[in-house]
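Below is upload.cif, holding mmCIF, C-alpha atoms.
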```
data_my_file
#
loop_
_atom_site.label_atom_id
_atom_site.label_comp_id
_atom_site.auth_asym_id
_atom_site.auth_seq_id
_atom_site.Cartn_x
_atom_site.Cartn_y
_atom_site.Cartn_z
CA MET Y 20 -141.94 186.14 136.12
CA ARG Y 21 -142.69 189.01 138.49
CA ARG Y 22 -141.01 187.14 141.33
CA SER Y 23 -137.94 186.57 139.18
CA LEU Y 24 -137.75 190.27 138.27
CA LEU Y 25 -138.21 191.26 141.89
CA ALA Y 26 -135.48 188.88 142.99
CA LEU Y 27 -133.17 190.20 140.28
CA SER Y 28 -133.86 193.79 141.32
CA LEU Y 29 -133.08 193.04 144.95
CA LEU Y 30 -129.89 191.25 143.94
CA VAL Y 31 -128.74 194.22 141.84
CA LEU Y 32 -129.55 196.66 144.63
CA GLY Y 33 -127.63 194.49 147.05
CA HIS Y 34 -124.56 194.57 144.82
CA VAL Y 35 -124.85 198.33 144.41
CA GLY Y 36 -125.01 198.77 148.17
CA ALA Y 37 -122.00 196.52 148.66
CA ALA Y 38 -120.06 198.38 146.01
CA SER Y 39 -120.70 201.73 147.67
CA ALA Y 40 -119.31 200.51 150.99
CA ALA Y 41 -115.55 200.46 151.47
CA MET Y 42 -112.70 201.11 153.86
CA VAL Y 43 -112.69 204.79 154.70
CA ALA Y 44 -110.02 207.09 156.09
CA LYS Y 45 -111.77 210.16 157.48
CA PRO Y 46 -109.62 213.14 158.48
CA VAL Y 47 -109.71 213.91 162.19
CA GLN Y 48 -107.87 216.81 163.77
CA TRP Y 49 -107.54 218.48 167.14
CA THR Y 50 -105.53 221.36 168.56
CA ASP Y 51 -103.66 221.10 171.82
CA HIS Y 52 -101.34 223.74 173.29
CA GLY Y 53 -101.49 225.66 170.02
CA VAL Y 54 -100.47 222.70 167.85
CA THR Y 55 -102.88 221.07 165.39
CA TYR Y 56 -102.65 217.31 164.91
CA LYS Y 57 -103.99 215.76 161.70
CA SER Y 58 -104.99 212.10 161.95
CA PHE Y 59 -107.33 209.63 160.22
CA LEU Y 60 -110.22 207.50 161.45
CA VAL Y 61 -110.04 204.23 159.51
CA TYR Y 62 -112.79 201.59 159.31
CA ASP Y 63 -115.08 199.60 157.04
CA ASP Y 64 -118.31 201.55 156.70
CA ALA Y 65 -120.08 198.48 155.34
CA VAL Y 66 -120.21 197.10 158.89
CA ALA Y 67 -122.89 198.81 160.95
CA THR Y 68 -122.19 197.06 164.25
CA LYS Y 69 -119.93 198.61 166.84
CA ARG Y 70 -116.35 197.35 166.96
CA PRO Y 71 -113.37 197.72 169.28
CA GLY Y 72 -111.51 200.99 168.84
CA LEU Y 73 -107.76 200.97 168.38
CA LEU Y 74 -105.40 203.89 168.72
CA MET Y 75 -102.62 203.24 166.19
CA VAL Y 76 -99.32 205.12 166.35
CA PRO Y 77 -97.23 204.63 163.20
CA ASN Y 78 -93.46 204.48 162.85
CA TRP Y 79 -91.25 207.56 162.93
CA PHE Y 80 -92.37 208.64 159.46
CA GLY Y 81 -95.75 209.41 161.02
CA VAL Y 82 -99.05 209.61 159.17
CA ASN Y 83 -98.54 208.98 155.45
CA ASP Y 84 -100.07 206.88 152.66
CA MET Y 85 -98.26 203.74 153.78
CA ALA Y 86 -99.49 204.15 157.34
CA VAL Y 87 -103.07 204.64 156.13
CA ALA Y 88 -102.85 201.50 153.98
CA LYS Y 89 -101.52 199.57 156.97
CA ALA Y 90 -104.33 200.84 159.19
CA LYS Y 91 -106.91 199.74 156.60
CA GLU Y 92 -105.39 196.28 156.43
CA ILE Y 93 -105.42 195.86 160.20
CA ALA Y 94 -108.88 197.36 160.71
CA GLY Y 95 -110.68 195.18 158.19
CA LYS Y 96 -114.16 194.46 159.46
CA ASP Y 97 -112.92 193.99 163.02
CA TYR Y 98 -111.73 197.35 164.35
CA VAL Y 99 -112.12 201.10 164.08
CA ILE Y 100 -108.65 202.68 164.08
CA LEU Y 101 -107.55 206.20 164.88
CA LEU Y 102 -104.26 206.55 163.01
CA THR Y 103 -102.54 209.14 165.13
CA ASP Y 104 -100.40 212.13 164.28
CA MET Y 105 -97.85 212.56 167.08
CA TYR Y 106 -95.96 215.49 165.54
CA GLY Y 107 -98.54 218.08 164.59
CA GLY Y 108 -97.86 221.34 162.86
CA GLY Y 109 -97.93 219.75 159.42
CA THR Y 110 -94.75 217.74 160.08
CA ARG Y 111 -94.61 214.86 157.59
CA PRO Y 112 -91.10 213.39 157.39
CA THR Y 113 -90.01 212.07 153.98
CA SER Y 114 -86.46 211.02 154.88
CA GLU Y 115 -84.76 209.29 157.78
CA ALA Y 116 -83.07 212.56 158.72
CA GLU Y 117 -86.42 214.35 158.89
CA ALA Y 118 -87.98 211.46 160.83
CA LEU Y 119 -85.13 211.53 163.35
CA ALA Y 120 -85.52 215.27 163.79
CA ALA Y 121 -89.27 214.83 164.40
CA VAL Y 122 -89.02 211.97 166.85
CA LYS Y 123 -85.93 213.02 168.80
CA PRO Y 124 -87.67 215.65 170.99
CA LEU Y 125 -90.29 213.10 172.06
CA TYR Y 126 -87.71 210.56 173.15
CA ALA Y 127 -85.81 213.35 174.90
CA ASP Y 128 -88.91 214.40 176.87
CA ARG Y 129 -91.08 211.36 177.49
CA LYS Y 130 -93.55 213.48 179.45
CA VAL Y 131 -94.45 215.24 176.19
CA MET Y 132 -94.78 211.88 174.44
CA ARG Y 133 -97.15 210.66 177.15
CA LEU Y 134 -99.23 213.83 176.99
CA ARG Y 135 -99.61 213.65 173.20
CA VAL Y 136 -100.50 209.98 173.04
CA SER Y 137 -102.91 210.37 175.96
CA ARG Y 138 -104.63 213.27 174.17
CA ALA Y 139 -104.95 211.10 171.06
CA PHE Y 140 -106.54 208.34 173.12
CA GLU Y 141 -109.13 210.80 174.40
CA GLU Y 142 -109.88 211.68 170.79
CA LEU Y 143 -110.42 208.00 169.96
CA LYS Y 144 -113.07 207.83 172.65
CA ALA Y 145 -114.69 211.06 171.43
CA GLN Y 146 -114.97 209.64 167.90
CA ALA Y 147 -117.53 207.13 169.18
CA LYS Y 148 -120.06 209.91 168.53
CA HIS Y 149 -119.35 209.68 164.81
CA ALA Y 150 -118.17 206.11 164.18
CA PRO Y 151 -119.18 202.57 165.28
CA ILE Y 152 -116.73 202.33 168.19
CA ASP Y 153 -117.46 200.14 171.19
CA THR Y 154 -116.05 202.30 173.99
CA ALA Y 155 -116.01 199.30 176.32
CA LYS Y 156 -113.32 197.78 174.08
CA LEU Y 157 -110.43 200.15 173.54
CA ALA Y 158 -106.77 199.33 172.91
CA ALA Y 159 -103.64 200.82 171.37
CA ILE Y 160 -101.07 199.45 168.96
CA GLY Y 161 -97.83 201.00 167.74
CA PHE Y 162 -94.96 200.34 165.39
CA CYS Y 163 -91.29 201.19 166.02
CA PHE Y 164 -91.53 204.69 167.57
CA GLY Y 165 -95.24 204.05 167.85
CA GLY Y 166 -94.55 200.98 169.98
CA SER Y 167 -92.72 203.18 172.48
CA ALA Y 168 -95.63 205.63 172.41
CA VAL Y 169 -98.33 203.08 173.24
CA LEU Y 170 -96.20 201.62 176.03
CA ASP Y 171 -96.02 205.15 177.43
CA LEU Y 172 -99.79 205.44 177.07
CA ALA Y 173 -100.10 202.46 179.37
CA ARG Y 174 -97.48 203.89 181.75
CA ALA Y 175 -99.51 207.10 181.89
CA GLY Y 176 -102.36 205.12 183.44
CA ALA Y 177 -104.80 205.31 180.53
CA ASP Y 178 -108.02 203.30 180.86
CA VAL Y 179 -107.06 201.15 177.90
CA ALA Y 180 -107.73 197.42 177.86
CA ALA Y 181 -104.51 196.44 176.09
CA VAL Y 182 -101.47 197.81 174.29
CA VAL Y 183 -99.38 196.00 171.71
CA SER Y 184 -95.92 197.21 170.69
CA PHE Y 185 -94.45 195.98 167.38
CA HIS Y 186 -90.65 196.26 167.10
CA GLY Y 187 -90.71 199.23 169.48
CA LEU Y 188 -88.07 200.38 171.94
CA LEU Y 189 -88.89 199.08 175.41
CA SER Y 190 -87.00 201.65 177.48
CA THR Y 191 -88.60 204.18 179.82
CA ASP Y 192 -87.51 207.35 181.57
CA ASP Y 193 -89.07 206.17 184.83
CA PRO Y 194 -89.66 202.47 185.62
CA LYS Y 195 -91.88 203.46 188.56
CA LEU Y 196 -94.55 204.65 186.12
CA ALA Y 197 -95.37 201.00 185.43
CA SER Y 198 -97.34 201.01 188.68
CA ASN Y 199 -99.94 203.11 186.79
CA ILE Y 200 -100.55 200.44 184.17
CA HIS Y 201 -104.05 198.98 183.92
CA ALA Y 202 -103.66 197.52 180.44
CA LYS Y 203 -102.57 194.08 179.34
CA VAL Y 204 -99.18 194.73 177.74
CA LEU Y 205 -97.75 192.76 174.82
CA ALA Y 206 -94.32 193.51 173.33
CA LEU Y 207 -93.42 191.88 170.00
CA ASN Y 208 -89.82 192.22 168.84
CA GLY Y 209 -87.31 190.68 166.48
CA ALA Y 210 -84.85 188.50 168.35
CA ASP Y 211 -82.02 190.02 166.28
CA ASP Y 212 -83.14 193.66 166.52
CA ALA Y 213 -80.01 195.65 167.35
CA ASN Y 214 -82.19 198.56 168.52
CA VAL Y 215 -83.52 196.45 171.39
CA PRO Y 216 -80.48 194.83 173.03
CA ALA Y 217 -80.65 192.15 175.69
CA GLU Y 218 -80.17 194.59 178.56
CA GLN Y 219 -83.14 196.69 177.36
CA ARG Y 220 -85.33 193.59 177.19
CA ALA Y 221 -84.24 192.53 180.67
CA ALA Y 222 -84.96 195.99 182.09
CA PHE Y 223 -88.43 195.99 180.51
CA GLU Y 224 -89.23 192.56 181.93
CA ALA Y 225 -88.09 193.67 185.38
CA GLU Y 226 -90.20 196.83 185.06
CA MET Y 227 -93.32 194.81 184.19
CA ARG Y 228 -92.66 192.14 186.78
CA ASP Y 229 -91.98 194.55 189.64
CA ALA Y 230 -95.22 196.44 188.89
CA LYS Y 231 -97.18 193.18 188.65
CA VAL Y 232 -98.46 194.07 185.18
CA ASP Y 233 -100.36 191.51 183.10
CA TRP Y 234 -97.75 191.35 180.35
CA ALA Y 235 -96.03 189.16 177.80
CA SER Y 236 -93.21 189.57 175.32
CA GLU Y 237 -92.26 187.53 172.30
CA ASP Y 238 -89.04 187.65 170.32
CA PHE Y 239 -89.25 186.29 166.79
CA GLY Y 240 -86.21 184.33 165.72
CA GLY Y 241 -84.33 185.69 162.73
CA ALA Y 242 -86.30 188.95 162.68
CA VAL Y 243 -84.80 192.41 162.99
CA HIS Y 244 -86.35 195.87 163.31
CA CYS Y 245 -89.26 196.94 161.03
CA PHE Y 246 -90.51 193.39 160.44
CA THR Y 247 -94.12 194.59 159.80
CA GLU Y 248 -93.12 197.48 157.55
CA LYS Y 249 -93.68 196.42 153.93
CA GLU Y 250 -91.69 199.38 152.66
CA ALA Y 251 -88.55 198.12 154.47
CA THR Y 252 -87.24 196.26 151.42
CA ALA Y 253 -83.51 196.16 152.20
CA ALA Y 254 -82.03 192.67 151.88
CA THR Y 255 -79.70 193.26 154.82
CA GLY Y 256 -79.42 195.59 157.79
CA ASN Y 257 -81.48 196.11 160.91
CA CYS Y 258 -84.68 197.38 159.24
CA ARG Y 259 -86.28 194.67 157.12
CA TYR Y 260 -89.82 193.45 156.41
CA ASP Y 261 -90.54 189.80 157.13
CA ALA Y 262 -93.94 188.62 155.88
CA LYS Y 263 -93.88 185.38 157.86
CA VAL Y 264 -93.01 187.10 161.13
CA ALA Y 265 -95.49 189.90 160.46
CA GLY Y 266 -98.25 187.33 160.07
CA ARG Y 267 -97.31 185.68 163.35
CA ALA Y 268 -97.16 189.03 165.11
CA TYR Y 269 -100.59 190.13 163.87
CA ALA Y 270 -102.05 186.78 164.95
CA ALA Y 271 -100.54 187.31 168.41
CA MET Y 272 -102.01 190.83 168.51
CA ARG Y 273 -105.51 189.63 167.62
CA SER Y 274 -105.40 186.88 170.21
CA TRP Y 275 -104.17 189.32 172.86
CA LEU Y 276 -106.85 191.87 172.06
CA SER Y 277 -109.60 189.25 172.00
CA GLU Y 278 -108.63 188.13 175.47
CA ALA Y 279 -108.43 191.70 176.75
CA PHE Y 280 -111.90 192.53 175.39
#
```
Will you turn the file into structure tokens for me?
Amino acid sequence: MRRSLLALSLLVLGHVGAASAAMVAKPVQWTDHGVTYKSFLVYDDAVATKRPGLLMVPNWFGVNDMAVAKAKEIAGKDYVILLTDMYGGGTRPTSEAEALAAVKPLYADRKVMRLRVSRAFEELKAQAKHAPIDTAKLAAIGFCFGGSAVLDLARAGADVAAVVSFHGLLSTDDPKLASNIHAKVLALNGADDANVPAEQRAAFEAEMRDAKVDWASEDFGGAVHCFTEKEATAATGNCRYDAKVAGRAYAAMRSWLSEAF
């Protein structure tokens, strides 16, 4: 009887411990050149072992509830993610017009984009003091605008194992920067994405090839822009969620990261 009670007590305590553990999104902020950036460190605190760290740059709406939910889904028990604020100053777009106004200066001055995403990557590494991040396994992923940002992180010469761009623009202000790339580069796009025309794809491939980068690109048939963005619910147009394609893209990401690590 005592053994049964002991076993029951241990079982109950185990369930209590499991219930108290969950995905967390801890605020992380830093100030650079007088601008404060407010991000989130996302991971499952039930897993004590160290995991690869991912810098995640969201779409042009930046850090919001949908981006946090997406980071939690991707992180699972496998990664620790720094969901990165690229705008700073409390900028949180709530409309396409506001998002365009926020992102336009960064596309206009790619040097600034590279500096901001590089600073965020340094913060990911610094967070290893507070979270179970394996600093020998670091990568970056980005969506739409974020895809452009992580490609620029690689072009800046960051010591990142891999970058994965989801439906991101592939253009650059300077193709010669590709010679700085150490990362394995994967670009995942919709084959029918009007934002990434054939000439842009060809230029990106030439950029990667000429710099002898370890790279790959995949175009998903029938998919347009935003194919991983669950909030993109329009039935038509160039920004539309596609669950099937999103699943394939995430599988490709995980395989690419596993190989890089």
The PyMOL selection byres ((chain Y and resi 72) around 9) applied to the shown file, residues as a list in words
Lys69, Arg70, Pro71, Leu73, Leu74, Tyr98, Val99, Ile100, Leu101, Leu143, Lys144, Ala147, Pro151, Ile152, Asp153, Thr154, Ala155, Lys156, Leu157, Ala158 and Ala159 of chain Y
Do a neighbour search on segment 130-139 of chain Y at 8 Å with all atoms listed in the file, toss out local chain neighbours closer than 4 positions, and write the hits as a list in words.
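Residues near the query, excluding close chain neighbours: Leu74, Thr103, Met105, Leu125, Tyr126, Leu143, Ala168, Val169, Asp171, Leu172, Ala175 and Ala177 of chain Y.
Distances to Val182 of chain Y were evaluated for Y:Ala210, Y:Met272, Y:Ala116, Y:Ala150 using only C-alpha atoms, and the minimum falls at Y:Met272.
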As an exercise, work out the distance from atom CA of Leu102 of chain Y to atom CA of Met75 of chain Y in Å and give it to one decimal place.
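Between atom CA of Leu102 of chain Y and atom CA of Met75 of chain Y the gap is 4.9 Å.
Picked by the PyMOL selection byres ((chain Y and resi 214-231) around 9) from the coordinates shown: Y:His186, Y:Gly187, Y:Leu188, Y:Leu189, Y:Ser190, Y:Thr191, Y:Pro194, Y:Lys195, Y:Leu196, Y:Ala197, Y:Ser198, Y:Asn199, Y:Ile200, Y:Val204, Y:Asn208, Y:Gly209, Y:Ala210, Y:Asp211, Y:Asp212, Y:Ala213, Y:Val232, Y:Asp233, Y:Trp234, Y:Ala235, Y:Ser236, Y:Val243, Y:His244, Y:Asn257.
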Excluding same-chain residues fewer than 3 positions from Asn83 of chain Y, what lies within 12 Å of it counting only C-alpha atoms, as a PyMOL selection string?
chain Y and resi 44+57-59+76-80+86-90+102-104+109-113
Could segment 81-95 of chain Y be written out with N, CA and C atoms, as a short mmCIF file (atom, residue, chain, number, x, y, z; two decimals), in the first residue's frame, please?
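Writing the result to result_28.cif gives the following:
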```cif
data_model
loop_
_atom_site.label_atom_id
_atom_site.label_comp_id
_atom_site.auth_asym_id
_atom_site.auth_seq_id
_atom_site.Cartn_x
_atom_site.Cartn_y
_atom_site.Cartn_z
N GLY Y 81 6.36 42.99 -38.51
CA GLY Y 81 7.25 42.97 -37.36
C GLY Y 81 6.79 42.06 -36.24
N VAL Y 82 7.23 42.37 -35.04
CA VAL Y 82 6.93 41.55 -33.86
C VAL Y 82 5.51 41.86 -33.38
N ASN Y 83 4.65 40.86 -33.47
CA ASN Y 83 3.28 40.99 -32.98
C ASN Y 83 2.82 39.62 -32.48
N ASP Y 84 1.56 39.52 -32.06
CA ASP Y 84 1.07 38.25 -31.50
C ASP Y 84 1.16 37.10 -32.49
N MET Y 85 0.88 37.40 -33.75
CA MET Y 85 0.93 36.33 -34.77
C MET Y 85 2.36 35.85 -34.98
N ALA Y 86 3.30 36.76 -34.94
CA ALA Y 86 4.71 36.37 -35.10
C ALA Y 86 5.18 35.55 -33.91
N VAL Y 87 4.74 35.91 -32.71
CA VAL Y 87 5.10 35.14 -31.51
C VAL Y 87 4.53 33.73 -31.60
N ALA Y 88 3.26 33.61 -32.01
CA ALA Y 88 2.64 32.30 -32.14
C ALA Y 88 3.39 31.44 -33.17
N LYS Y 89 3.81 32.06 -34.25
CA LYS Y 89 4.55 31.35 -35.28
C LYS Y 89 5.91 30.88 -34.76
N ALA Y 90 6.58 31.74 -34.00
CA ALA Y 90 7.87 31.37 -33.42
C ALA Y 90 7.72 30.19 -32.46
N LYS Y 91 6.65 30.19 -31.67
CA LYS Y 91 6.40 29.07 -30.75
C LYS Y 91 6.19 27.78 -31.52
N GLU Y 92 5.44 27.85 -32.59
CA GLU Y 92 5.16 26.65 -33.38
C GLU Y 92 6.43 26.08 -33.99
N ILE Y 93 7.28 26.96 -34.49
CA ILE Y 93 8.53 26.50 -35.11
C ILE Y 93 9.50 25.99 -34.06
N ALA Y 94 9.60 26.69 -32.95
CA ALA Y 94 10.58 26.33 -31.91
C ALA Y 94 10.30 24.95 -31.35
N GLY Y 95 9.05 24.70 -30.95
CA GLY Y 95 8.72 23.42 -30.35
C GLY Y 95 9.73 23.02 -29.29
#
```
